[in-house]
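Have a look at the structure below before the remarks.
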Amino acid sequence: MLLKIDFESDIPIYVQIKNGILQGLAKGELSPGENLPSVRQLAEDIGINMHTVNKAYNLLKNDGFLTIDRRKGAVINDKTSSLTNEYKVLLEENLKSIIAEAFCKGISQEEFLYTCKNIFNVYQEGNKK
């Protein structure tokens with residue numbers, strides 16, 4: 001698993017780690033049952049504090065994507081995270097902000113939907129492998 005961390009970004013590093021793992025899972029680069037690097041190992045590889053990695057892993061655990069075991073470490077869950085109404089509300093709230101910003105920057109509806117479709121297709125293709 002290769003994570004790209006931008007230390008100059010306004011996006012916190014733990015969020016970049018979480019997003020990178022989710023994208024790897026969505027693209028099929030990470031598989032259910034696969035072990036992730038230990039908190040200590042990933043922190044050392046990236047050159048960051050262990051607590052930062054731990055925060056990312058715990059967020060993924062809370063969202064149902066990881067199981068964390070003291071003996072096995074962080075493992076991608078075999079069970080797919082279920083779609084809940086709570087998640088749908090959260091998704092809509094996040095999309096409202098993203099769409100509002102895109103609208104204010106002058107992105108047309110067609111361009112926005114085209115971009116969304118292309119990104120979604122990347123994840124669909126990754127899971128066909």
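Convention: chains lettered A, B, ... in structure tokens order; per-chain residue numbering from 1; ligands numbered from 1 as shown.
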So which bits of chain A end up strand (DSSP E) when you DSSP the backbone, as a ChimeraX atom specification? /A:66-69,73-76
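Residues in contact with segment 70-77 of chain A at 7 Å, where only C-alpha atoms are counted and same-chain residues fewer than 5 positions away are skipped, are listed as A:Ser31, A:Pro32, A:Gly33, A:Glu34, A:Asn35, A:Leu36, A:Ser38, A:Phe65.
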Any chance you could export the current selection's all heavy atoms as a PDB file, in the first residue's frame?
ATOM      1  N   SER A  31      -7.571  -5.454   0.138  1.00  0.00           N
ATOM      2  CA  SER A  31      -8.608  -6.484   0.150  1.00  0.00           C
ATOM      3  C   SER A  31      -9.073  -6.773   1.566  1.00  0.00           C
ATOM      4  O   SER A  31      -8.282  -6.674   2.512  1.00  0.00           O
ATOM      5  CB  SER A  31      -8.065  -7.783  -0.452  1.00  0.00           C
ATOM      6  OG  SER A  31      -7.557  -7.546  -1.731  1.00  0.00           O
ATOM      7  N   PRO A  32     -10.337  -7.181   1.711  1.00  0.00           N
ATOM      8  CA  PRO A  32     -10.816  -7.607   3.027  1.00  0.00           C
ATOM      9  C   PRO A  32      -9.915  -8.699   3.585  1.00  0.00           C
ATOM     10  O   PRO A  32      -9.469  -9.594   2.865  1.00  0.00           O
ATOM     11  CB  PRO A  32     -12.218  -8.136   2.737  1.00  0.00           C
ATOM     12  CG  PRO A  32     -12.650  -7.381   1.520  1.00  0.00           C
ATOM     13  CD  PRO A  32     -11.393  -7.218   0.705  1.00  0.00           C
ATOM     14  N   GLY A  33      -9.594  -8.598   4.860  1.00  0.00           N
ATOM     15  CA  GLY A  33      -8.724  -9.556   5.520  1.00  0.00           C
ATOM     16  C   GLY A  33      -7.253  -9.183   5.463  1.00  0.00           C
ATOM     17  O   GLY A  33      -6.422  -9.779   6.152  1.00  0.00           O
ATOM     18  N   GLU A  34      -6.925  -8.188   4.658  1.00  0.00           N
ATOM     19  CA  GLU A  34      -5.524  -7.771   4.508  1.00  0.00           C
ATOM     20  C   GLU A  34      -5.070  -6.969   5.728  1.00  0.00           C
ATOM     21  O   GLU A  34      -5.790  -6.120   6.233  1.00  0.00           O
ATOM     22  CB  GLU A  34      -5.382  -6.920   3.246  1.00  0.00           C
ATOM     23  CG  GLU A  34      -3.958  -6.582   2.896  1.00  0.00           C
ATOM     24  CD  GLU A  34      -3.850  -5.894   1.538  1.00  0.00           C
ATOM     25  OE1 GLU A  34      -4.737  -6.064   0.692  1.00  0.00           O
ATOM     26  OE2 GLU A  34      -2.851  -5.171   1.352  1.00  0.00           O
ATOM     27  N   ASN A  35      -3.849  -7.262   6.173  1.00  0.00           N
ATOM     28  CA  ASN A  35      -3.264  -6.521   7.292  1.00  0.00           C
ATOM     29  C   ASN A  35      -2.676  -5.211   6.793  1.00  0.00           C
ATOM     30  O   ASN A  35      -2.016  -5.192   5.752  1.00  0.00           O
ATOM     31  CB  ASN A  35      -2.160  -7.327   7.957  1.00  0.00           C
ATOM     32  CG  ASN A  35      -2.691  -8.385   8.870  1.00  0.00           C
ATOM     33  OD1 ASN A  35      -3.725  -8.981   8.599  1.00  0.00           O
ATOM     34  ND2 ASN A  35      -1.989  -8.632   9.946  1.00  0.00           N
ATOM     35  N   LEU A  36      -2.882  -4.165   7.548  1.00  0.00           N
ATOM     36  CA  LEU A  36      -2.234  -2.884   7.278  1.00  0.00           C
ATOM     37  C   LEU A  36      -0.948  -2.827   8.100  1.00  0.00           C
ATOM     38  O   LEU A  36      -0.796  -3.577   9.066  1.00  0.00           O
ATOM     39  CB  LEU A  36      -3.166  -1.735   7.669  1.00  0.00           C
ATOM     40  CG  LEU A  36      -4.443  -1.578   6.855  1.00  0.00           C
ATOM     41  CD1 LEU A  36      -5.278  -0.425   7.386  1.00  0.00           C
ATOM     42  CD2 LEU A  36      -4.129  -1.352   5.391  1.00  0.00           C
ATOM     43  N   SER A  38       1.603  -1.816  10.943  1.00  0.00           N
ATOM     44  CA  SER A  38       1.332  -1.441  12.332  1.00  0.00           C
ATOM     45  C   SER A  38       1.373   0.078  12.446  1.00  0.00           C
ATOM     46  O   SER A  38       1.960   0.768  11.590  1.00  0.00           O
ATOM     47  CB  SER A  38       2.371  -2.062  13.264  1.00  0.00           C
ATOM     48  OG  SER A  38       3.627  -1.446  13.059  1.00  0.00           O
ATOM     49  N   PHE A  65     -14.591  -0.077   8.798  1.00  0.00           N
ATOM     50  CA  PHE A  65     -13.704  -0.540   7.729  1.00  0.00           C
ATOM     51  C   PHE A  65     -12.531  -1.373   8.244  1.00  0.00           C
ATOM     52  O   PHE A  65     -11.952  -2.144   7.492  1.00  0.00           O
ATOM     53  CB  PHE A  65     -13.176   0.645   6.915  1.00  0.00           C
ATOM     54  CG  PHE A  65     -14.248   1.348   6.147  1.00  0.00           C
ATOM     55  CD1 PHE A  65     -14.736   2.569   6.573  1.00  0.00           C
ATOM     56  CD2 PHE A  65     -14.797   0.784   5.012  1.00  0.00           C
ATOM     57  CE1 PHE A  65     -15.742   3.221   5.874  1.00  0.00           C
ATOM     58  CE2 PHE A  65     -15.802   1.419   4.303  1.00  0.00           C
ATOM     59  CZ  PHE A  65     -16.274   2.641   4.737  1.00  0.00           C
TER      60      PHE A  65
END
Tell me, in Å to one decimal, how far atom CA of Gln41 of chain A is from atom CA of Asn19 of chain A.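 Separation of atom CA of Gln41 of chain A and atom CA of Asn19 of chain A: 18.5 Å.
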Please measure the separation of atom CA of Phe112 of chain A and atom CA of Ile99 of chain A, giving the value in Å to one decimal. 8.1 Å
Quick one: residues within 10 Å of Val122 of chain A, only C-alpha atoms counted, chain neighbours fewer than 2 positions away excluded, as a VMD selection string? chain A and resid 23 26 to 28 117 to 120 124 to 127
Could you tell me how far atom CA of Leu2 of chain A lies from atom CA of Cys116 of chain A, in Å and to one decimal? 23.5 Å
